[in-house]
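Reproduced below: upload.txt, with compact mmCIF, C-alpha atoms.
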# COMPACT_ATOMS: atom_id res chain seq x y z
CA MET B 1 117.58 95.06 60.37
CA ARG B 2 118.33 94.02 63.94
CA GLU B 3 119.79 90.52 64.11
CA VAL B 4 118.43 87.82 66.43
CA LEU B 5 120.57 84.68 66.41
CA VAL B 6 118.80 81.55 67.65
CA THR B 7 120.73 78.37 68.55
CA ILE B 8 117.90 76.76 70.52
CA PRO B 9 116.84 73.69 68.46
CA VAL B 10 113.41 75.10 67.68
CA GLU B 11 110.54 73.62 65.68
CA PRO B 12 108.19 75.57 63.38
CA GLN B 13 105.73 76.44 66.15
CA HIS B 14 108.57 77.79 68.30
CA LYS B 15 109.76 80.03 65.48
CA ILE B 16 106.27 81.52 65.28
CA CYS B 17 106.31 82.12 69.04
CA LEU B 18 109.68 83.89 68.94
CA GLU B 19 108.97 85.93 65.83
CA ASN B 20 105.64 87.12 67.25
CA ALA B 21 107.08 87.99 70.66
CA VAL B 22 107.72 91.59 69.68
CA PRO B 23 104.67 93.29 68.10
CA ALA B 24 105.20 95.05 64.80
CA SER B 25 104.26 98.34 66.47
CA GLU B 26 107.13 97.89 68.93
CA GLY B 27 109.81 97.13 66.37
CA GLY B 28 109.01 93.55 65.46
CA ARG B 29 109.32 94.27 61.74
CA GLU B 30 112.93 95.34 62.25
CA LEU B 31 114.01 91.94 63.58
CA HIS B 32 115.74 89.37 61.40
CA PHE B 33 115.96 85.84 62.81
CA THR B 34 118.74 83.40 61.98
CA TYR B 35 118.32 79.81 63.19
CA LEU B 36 121.46 77.72 63.40
CA ALA B 37 122.95 74.88 65.43
CA LYS B 38 125.43 76.33 67.91
CA GLU B 39 128.35 74.35 66.46
CA ASN B 40 127.78 76.10 63.10
CA VAL B 41 127.77 79.64 64.52
CA THR B 42 130.68 81.83 63.45
CA GLN B 43 132.46 84.71 65.13
CA GLU B 44 130.97 87.14 62.58
CA MET B 45 127.41 86.00 63.33
CA VAL B 46 127.89 86.63 67.03
CA GLU B 47 129.42 90.05 66.40
CA ASN B 48 126.42 91.04 64.25
CA ALA B 49 123.77 89.85 66.71
CA GLU B 50 121.83 92.19 68.95
CA VAL B 51 120.14 89.28 70.73
CA ILE B 52 121.32 85.67 71.00
CA LEU B 53 118.84 83.02 72.13
CA GLY B 54 120.76 79.89 73.07
CA ASN B 55 124.35 79.07 73.95
CA VAL B 56 127.31 79.99 71.75
CA ASN B 57 131.08 79.69 72.04
CA PRO B 58 131.97 82.06 74.93
CA GLU B 59 135.15 83.18 73.17
CA TYR B 60 133.07 84.65 70.33
CA LEU B 61 131.39 87.07 72.74
CA ARG B 62 134.43 89.16 73.60
CA ARG B 63 133.99 91.25 70.45
CA ALA B 64 130.18 91.21 70.31
CA GLY B 65 129.78 94.96 70.70
CA ARG B 66 126.19 95.06 69.44
CA LEU B 67 124.91 92.46 71.86
CA LYS B 68 122.12 93.48 74.24
CA LEU B 69 121.02 90.07 75.51
CA LEU B 70 122.40 86.54 75.64
CA GLN B 71 119.60 84.18 76.68
CA LEU B 72 121.16 80.83 77.53
CA ASP B 73 119.28 77.59 77.05
CA SER B 74 121.14 76.13 80.03
CA ALA B 75 120.68 76.76 83.74
CA GLY B 76 124.45 76.87 84.24
CA ALA B 77 126.25 80.04 83.22
CA ALA B 78 129.78 79.52 84.53
CA SER B 79 131.53 79.83 81.14
CA TYR B 80 129.83 83.19 80.50
CA THR B 81 130.50 84.88 83.85
CA VAL B 82 134.28 84.73 83.45
CA PRO B 83 135.53 88.34 83.48
CA GLY B 84 135.95 89.74 79.99
CA VAL B 85 133.71 87.23 78.19
CA MET B 86 130.45 89.18 78.09
CA PRO B 87 130.42 92.67 76.51
CA PRO B 88 130.00 95.35 79.21
CA LYS B 89 126.50 96.49 78.20
CA ALA B 90 125.03 93.07 77.43
CA GLN B 91 122.64 91.29 79.78
CA LEU B 92 122.96 87.59 80.53
CA ALA B 93 119.99 85.36 81.39
CA ASN B 94 119.84 81.63 82.06
CA ALA B 95 117.09 79.03 81.63
CA THR B 96 116.26 78.50 85.29
CA GLY B 97 112.71 77.22 85.53
CA ALA B 98 112.90 75.03 82.44
CA TYR B 99 114.65 72.04 83.98
CA GLY B 100 113.05 71.58 87.40
CA LEU B 101 110.36 69.12 86.32
CA ALA B 102 112.65 66.82 84.33
CA VAL B 103 115.64 66.80 86.66
CA SER B 104 113.60 66.44 89.87
CA GLU B 105 111.78 63.44 88.38
CA HIS B 106 115.16 61.93 87.43
CA MET B 107 116.40 62.47 90.98
CA LEU B 108 113.29 60.85 92.44
CA ALA B 109 113.66 57.85 90.11
CA SER B 110 117.31 57.51 91.23
CA VAL B 111 116.31 57.55 94.90
CA LEU B 112 113.66 54.87 94.36
CA LEU B 113 116.10 52.70 92.42
CA LEU B 114 118.66 52.84 95.22
CA VAL B 115 116.41 52.48 98.26
CA LYS B 116 114.57 49.52 96.68
CA LYS B 117 117.82 47.94 95.36
CA LEU B 118 116.44 47.78 91.84
CA HIS B 119 119.94 48.20 90.43
CA LEU B 120 120.98 44.95 92.11
CA TYR B 121 117.99 43.08 90.73
CA GLN B 122 118.79 44.40 87.27
CA GLN B 123 122.31 43.00 87.63
CA ASN B 124 120.92 39.67 88.85
CA MET B 125 118.61 39.52 85.86
CA GLN B 126 121.56 39.96 83.49
CA HIS B 127 123.24 36.99 85.18
CA HIS B 128 120.01 34.92 85.24
CA GLN B 129 120.05 34.87 89.06
CA TRP B 130 116.87 34.51 91.15
CA LYS B 131 118.36 36.10 94.27
CA ASP B 132 116.90 37.94 97.25
CA GLU B 133 118.92 41.08 98.00
CA GLY B 134 117.48 41.54 101.48
CA GLN B 135 115.96 44.48 103.30
CA VAL B 136 115.16 47.79 101.66
CA SER B 137 114.27 51.19 103.06
CA SER B 138 111.37 53.58 102.53
CA ILE B 139 111.05 57.20 101.54
CA ARG B 140 108.28 57.61 104.10
CA ASP B 141 109.73 58.57 107.49
CA SER B 142 113.17 59.16 105.94
CA VAL B 143 115.09 62.43 106.27
CA THR B 144 116.05 64.14 103.01
CA LEU B 145 118.61 66.94 102.94
CA VAL B 146 118.23 69.03 99.79
CA ILE B 147 121.29 71.19 99.11
CA GLY B 148 120.21 73.94 96.74
CA LEU B 149 116.55 74.96 96.83
CA GLY B 150 116.24 76.57 93.45
CA ASP B 151 113.87 75.35 90.74
CA ILE B 152 115.32 71.81 90.60
CA GLY B 153 115.94 71.34 94.31
CA GLY B 154 112.59 72.87 95.20
CA GLN B 155 110.65 70.56 92.91
CA PHE B 156 112.55 67.54 94.21
CA ALA B 157 111.89 68.63 97.81
CA LYS B 158 108.18 68.90 97.06
CA LYS B 159 108.09 65.38 95.63
CA MET B 160 109.95 63.89 98.60
CA HIS B 161 107.71 65.73 101.06
CA ALA B 162 104.62 64.39 99.28
CA LEU B 163 105.95 60.84 99.72
CA GLY B 164 106.36 61.32 103.47
CA SER B 165 110.01 62.27 103.87
CA HIS B 166 111.06 64.91 106.42
CA VAL B 167 112.69 67.48 104.15
CA ILE B 168 115.51 69.77 105.28
CA GLY B 169 116.47 72.48 102.81
CA VAL B 170 119.78 74.32 102.53
CA ARG B 171 120.15 77.44 100.40
CA ARG B 172 122.51 80.40 100.01
CA ASN B 173 120.03 83.14 100.75
CA GLN B 174 117.64 83.58 103.61
CA ALA B 175 114.10 83.15 102.37
CA LYS B 176 110.65 82.21 103.57
CA ARG B 177 110.31 78.48 104.21
CA PRO B 178 107.94 76.85 101.70
CA ASP B 179 105.29 74.44 102.99
CA TYR B 180 106.95 71.40 101.44
CA VAL B 181 110.18 71.98 103.42
CA ASP B 182 110.05 71.03 107.10
CA GLU B 183 113.24 72.84 108.10
CA MET B 184 115.34 75.37 106.20
CA TYR B 185 118.88 76.61 106.81
CA GLN B 186 121.67 78.46 105.03
CA MET B 187 124.89 76.96 103.73
CA GLU B 188 126.84 77.87 106.87
CA GLU B 189 124.98 75.15 108.76
CA LEU B 190 125.56 72.34 106.25
CA ASP B 191 128.11 70.44 108.33
CA SER B 192 125.74 70.12 111.28
CA LEU B 193 122.93 68.76 109.07
CA LEU B 194 124.72 66.05 107.08
CA GLY B 195 124.57 63.46 109.86
CA ARG B 196 120.79 63.66 110.10
CA ALA B 197 119.96 62.71 106.52
CA ASP B 198 119.16 59.35 104.98
CA ILE B 199 119.24 60.98 101.54
CA VAL B 200 121.46 63.91 100.55
CA ALA B 201 120.43 65.46 97.24
CA CYS B 202 122.44 68.16 95.44
CA SER B 203 121.42 70.37 92.54
CA LEU B 204 123.98 73.16 92.75
CA PRO B 205 125.62 75.02 89.85
CA GLY B 206 129.35 74.88 89.24
CA THR B 207 130.97 77.87 90.96
CA PRO B 208 134.22 78.35 92.91
CA GLN B 209 132.12 78.19 96.10
CA THR B 210 130.57 74.80 95.25
CA GLU B 211 133.70 73.08 93.93
CA HIS B 212 134.40 69.96 96.05
CA LEU B 213 131.72 71.03 98.51
CA ILE B 214 130.85 67.39 99.22
CA ASN B 215 134.37 66.10 99.82
CA LYS B 216 135.83 63.27 101.89
CA GLU B 217 135.49 65.23 105.12
CA ARG B 218 131.82 66.05 104.56
CA ILE B 219 130.98 62.52 103.40
CA ALA B 220 132.47 61.31 106.69
CA LYS B 221 129.89 63.46 108.51
CA MET B 222 127.02 61.77 106.70
CA LYS B 223 125.01 58.95 108.23
CA ASP B 224 126.44 55.48 107.57
CA GLY B 225 124.51 53.92 104.69
CA ALA B 226 123.06 57.22 103.47
CA PHE B 227 122.34 57.81 99.78
CA LEU B 228 123.95 60.66 97.83
CA ILE B 229 122.35 62.16 94.70
CA ASN B 230 124.06 64.74 92.46
CA ALA B 231 122.25 66.31 89.52
CA GLY B 232 124.03 69.68 89.62
CA ARG B 233 127.65 69.80 88.51
CA GLY B 234 130.37 67.14 88.69
CA SER B 235 132.81 69.53 90.35
CA LEU B 236 130.76 69.25 93.55
CA ILE B 237 132.07 65.78 94.52
CA PRO B 238 135.68 64.62 94.02
CA THR B 239 135.66 61.34 92.10
CA LYS B 240 138.20 59.68 94.39
CA ASP B 241 136.26 60.62 97.53
CA LEU B 242 132.98 59.28 96.13
CA CYS B 243 134.55 55.98 95.10
CA GLU B 244 136.20 55.51 98.49
CA ALA B 245 132.87 56.08 100.25
CA LEU B 246 131.13 53.51 98.03
CA TYR B 247 133.81 50.83 98.24
CA SER B 248 134.08 51.20 102.02
CA GLY B 249 130.31 51.00 102.47
CA LYS B 250 130.16 54.42 104.12
CA LEU B 251 127.49 55.32 101.56
CA GLY B 252 124.62 52.96 100.91
CA GLY B 253 124.59 54.12 97.32
CA ALA B 254 124.87 57.13 95.05
CA ALA B 255 123.42 58.41 91.79
CA ILE B 256 125.25 60.96 89.66
CA ASP B 257 124.10 62.52 86.42
CA VAL B 258 127.30 64.59 86.31
CA ALA B 259 131.01 63.89 86.76
CA GLU B 260 134.22 65.82 87.29
CA GLN B 261 135.33 64.79 83.82
CA GLU B 262 132.74 64.59 81.05
CA PRO B 263 132.46 62.47 79.02
CA LEU B 264 133.45 59.97 81.70
CA PRO B 265 136.58 58.11 80.50
CA GLU B 266 136.29 54.37 79.87
CA ASP B 267 138.92 53.72 82.53
CA SER B 268 137.25 55.83 85.24
CA MET B 269 136.99 54.11 88.62
CA LEU B 270 133.36 55.24 88.78
CA TRP B 271 132.19 52.63 86.26
CA ASP B 272 132.87 49.75 88.64
CA ALA B 273 132.02 51.42 91.95
CA PRO B 274 129.41 49.45 93.91
CA ASN B 275 125.86 50.75 94.35
CA LEU B 276 126.41 53.63 91.95
CA LEU B 277 124.09 54.77 89.19
CA VAL B 278 125.84 56.85 86.52
CA THR B 279 123.89 58.66 83.81
CA PRO B 280 125.63 60.82 81.18
CA HIS B 281 124.32 64.30 82.06
CA ILE B 282 120.93 63.59 80.50
CA SER B 283 118.43 64.39 83.26
CA GLY B 284 117.77 67.76 81.64
CA ASN B 285 119.05 68.63 78.17
CA TYR B 286 116.21 68.34 75.63
CA HIS B 287 115.18 64.82 76.56
CA MET B 288 111.71 65.92 77.67
CA ARG B 289 109.33 67.93 75.51
CA GLN B 290 108.37 70.33 78.30
CA ILE B 291 111.96 71.57 78.61
CA LYS B 292 112.05 73.04 75.12
CA GLU B 293 108.59 74.57 75.52
CA MET B 294 109.63 76.38 78.71
CA ILE B 295 112.96 77.56 77.28
CA VAL B 296 111.22 79.05 74.24
CA GLU B 297 108.70 80.76 76.53
CA ILE B 298 111.50 82.30 78.62
CA ALA B 299 113.37 83.36 75.47
CA ALA B 300 110.27 84.97 73.94
CA ASP B 301 109.50 86.90 77.13
CA ASN B 302 113.07 88.18 77.40
CA LEU B 303 113.26 89.08 73.72
CA LYS B 304 110.18 91.24 74.18
CA ALA B 305 111.56 92.73 77.40
CA VAL B 306 114.93 93.71 75.97
CA MET B 307 113.37 95.28 72.87
CA SER B 308 110.94 97.33 74.96
CA GLY B 309 113.41 98.30 77.68
CA GLY B 310 111.66 96.09 80.23
CA ARG B 311 113.08 93.86 82.94
CA ILE B 312 114.31 90.46 81.80
CA LYS B 313 113.69 87.20 83.66
CA ASN B 314 116.49 85.01 85.02
CA GLU B 315 119.19 87.67 84.87
CA VAL B 316 122.49 86.14 85.99
CA ASP B 317 124.48 87.67 88.83
CA PHE B 318 128.09 87.82 87.59
CA GLN B 319 129.43 87.73 91.16
CA THR B 320 127.72 84.49 92.18
CA GLY B 321 127.06 82.76 88.85
CA TYR B 322 123.45 82.20 89.92
CA ARG B 323 120.26 83.85 88.78
CA LYS B 324 119.84 87.09 90.71
CA PHE B 325 118.11 86.24 93.95
CA GLN B 326 114.40 86.70 94.31
CA GLU B 327 112.02 85.27 96.89
CA PRO B 328 111.02 81.86 95.50
CA GLU B 329 107.44 81.29 94.43
CA ASP B 330 105.54 78.22 95.51
CA ILE B 331 106.39 75.40 93.14
Represent the structure contained in this file as structure tokens.
Amino acid sequence: MREVLVTIPVEPQHKICLENAVPASEGGRELHFTYLAKENVTQEMVENAEVILGNVNPEYLRRAGRLKLLQLDSAGAASYTVPGVMPPKAQLANATGAYGLAVSEHMLASVLLLVKKLHLYQQNMQHHQWKDEGQVSSIRDSVTLVIGLGDIGGQFAKKMHALGSHVIGVRRNQAKRPDYVDEMYQMEELDSLLGRADIVACSLPGTPQTEHLINKERIAKMKDGAFLINAGRGSLIPTKDLCEALYSGKLGGAAIDVAEQEPLPEDSMLWDAPNLLVTPHISGNYHMRQIKEMIVEIAADNLKAVMSGGRIKNEVDFQTGYRKFQEPEDI
């Protein structure tokens, strides 16, 4: 039997989907599925697996000589692209496409909370204060700079464009500009764009190239009172630099679903920073039903592809840490 190890937290209908992905005539009868929470997976299980659907301890993979495919249930793949972790002949795929809906909606909710000062009214309510917090701003006629126009950034850009914001997109690769982006540039032009934006939204993966990308120097180039949103990786923004910008009033507010250190320590300066919304890396995960459905669909398609010698979706580029580039489809 050929072993398929599944650490995605599937339900009965998902098991049926996965187990029927490969027709019996194409080797489906030869597959044995083991379903297990990732924290209960052993080194021996990983070594015996031909396909793994879901994340496992990266250290277990170094001796996984039978492995043909590791299908992550995360969009990030940084721990698995470290040289020597993945077996030479194994393919690595991420879950890009599963998180765009959930995370982009979380980002939009964060923007609305900040620009309408709802966080301040929530605080006033806790203190039983009937207090006017003054003027607010609007998404309509604002300028939104979206750094990272993948699945998440693209869906967020589309939502902001629909609400009347002038959307500027920044991406690594040159690509056709989608209709919901008014201007599009590559990363080399980031510094010249920061000062134009009322809202700067980031959804980048954690790579050596993105570490501390939005640092003190780049925050200084932003418009006074601008809002900063980060739903990518905490390594993008140094904690100290973000706090300084909030306490000084350089930023009008910020929302982060990620932090340099996770879980965020109780004594972190971020907890008390003004005009900051902190959520504990929950914008994606499995907090929305559609996420699991899309991950299982991706996993089933790639299981079928790898067993039939076809081309898998979302193959990760080990040089960049991103999904291998392809011209984006309309979202």
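The smallest atom-to-atom distance between Tyr80 (chain B) and any of B:Tyr121, B:Thr207, B:Lys223, B:Tyr185, using only C-alpha atoms, is found for B:Thr207.
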Residue contacts of Leu5 (chain B) (6 Å, all atoms listed in the file) excluding same-chain residues fewer than 5 positions away, as JSON, numbers by chain | {"B": [33, 34, 52]}
Between B:Ser165, B:Thr279, B:Ser79, B:Asn57, which has the minimum distance to Ser138 (chain B) (counting all atoms listed in the file)?
-> B:Ser165
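Take the candidates B:Met222, B:Ala231, B:Ile8, B:Met1 and check each one against Leu108 (chain B) using all atoms listed in the file; the shortest distance goes to B:Ala231.
Nearest residue to Phe227 (chain B) among B:Val115, B:Cys243, B:Tyr322, B:Ala305 is B:Val115, counting all atoms listed in the file.
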Give me, as a PDB file with C-alpha atoms, in the coordinates of the input, all polymer residues having an atom no more than 9 Å from Thr210 (chain B), counting only C-alpha atoms and skipping those fewer than 3 positions away in the same chain.
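around13.pdb, freshly written:
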ATOM      1  CA  LEU B 204     123.980  73.160  92.750  1.00  0.00           C
ATOM      2  CA  PRO B 205     125.620  75.020  89.850  1.00  0.00           C
ATOM      3  CA  GLY B 206     129.350  74.880  89.240  1.00  0.00           C
ATOM      4  CA  THR B 207     130.970  77.870  90.960  1.00  0.00           C
ATOM      5  CA  LEU B 213     131.720  71.030  98.510  1.00  0.00           C
ATOM      6  CA  ILE B 214     130.850  67.390  99.220  1.00  0.00           C
ATOM      7  CA  ARG B 233     127.650  69.800  88.510  1.00  0.00           C
ATOM      8  CA  SER B 235     132.810  69.530  90.350  1.00  0.00           C
ATOM      9  CA  LEU B 236     130.760  69.250  93.550  1.00  0.00           C
TER      10      LEU B 236
END
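The spacing separating CA of Lys240 (chain B) from CA of Ile147 (chain B) amounts to 21.0 Å.
Of note, CA of Pro208 (chain B) and CA of Gly225 (chain B) are spaced 28.8 Å apart.
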Around (132.4, 87.8, 69.6) in the file's own coordinates, what residues are found within 12 Å if you use all atoms listed in the file, given back as a PyMOL selection string?
-> chain B and resi 41-50+52+56-67+70+84-87+90
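The space between CA of Gln261 (chain B) and CA of Ile295 (chain B) spans 26.6 Å.
The smallest atom-to-atom distance between Asp241 (chain B) and any of B:Met187, B:Ala24, B:Leu270, B:Ala98, using only C-alpha atoms, is found for B:Leu270.
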For Pro263 (chain B), work out the shell of residues within 12 Å, counting only C-alpha atoms and skipping chain neighbours fewer than 2 positions away, then give it as a list in words.
-> Gly234, Asp257, Val258, Ala259, Glu260, Gln261, Pro265, Glu266, Asp267, Ser268, Val278, Thr279, Pro280, His281 and Ile282 of chain B
Please provide as a ChimeraX atom specification all residues within 8 Å of region 100-104 of chain B, with the sequence filter that same-chain residues fewer than 3 positions apart are discarded (counting all atoms listed in the file).
-> /B:96-97,107-108,151-156,231,283-284,288,291
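Each of B:Arg311, B:Lys158, B:Lys292, B:His166 was compared to Ala95 (chain B) using all atoms listed in the file, and B:Lys292 turns out to be the nearest.
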Extract, using only C-alpha atoms, all DNA, RNA and protein residues at most 12 Å from Lys116 (chain B), discarding same-chain residues fewer than 6 positions from it, and format them as a list in words.
-> Ala109, Ser110, Gln122, Asp132, Glu133, Gly134, Gln135, Val136, Ser137, Ser138, Ile139, Phe227, Gly252, Gly253 and Asn275 of chain B
List the residues sitting within 10 Å of (126.4, 55.9, 110.9) in the file's frame, using all atoms listed in the file, as an MDAnalysis selection string.
-> chainID B and resid 195:196 198 220:226 250:251
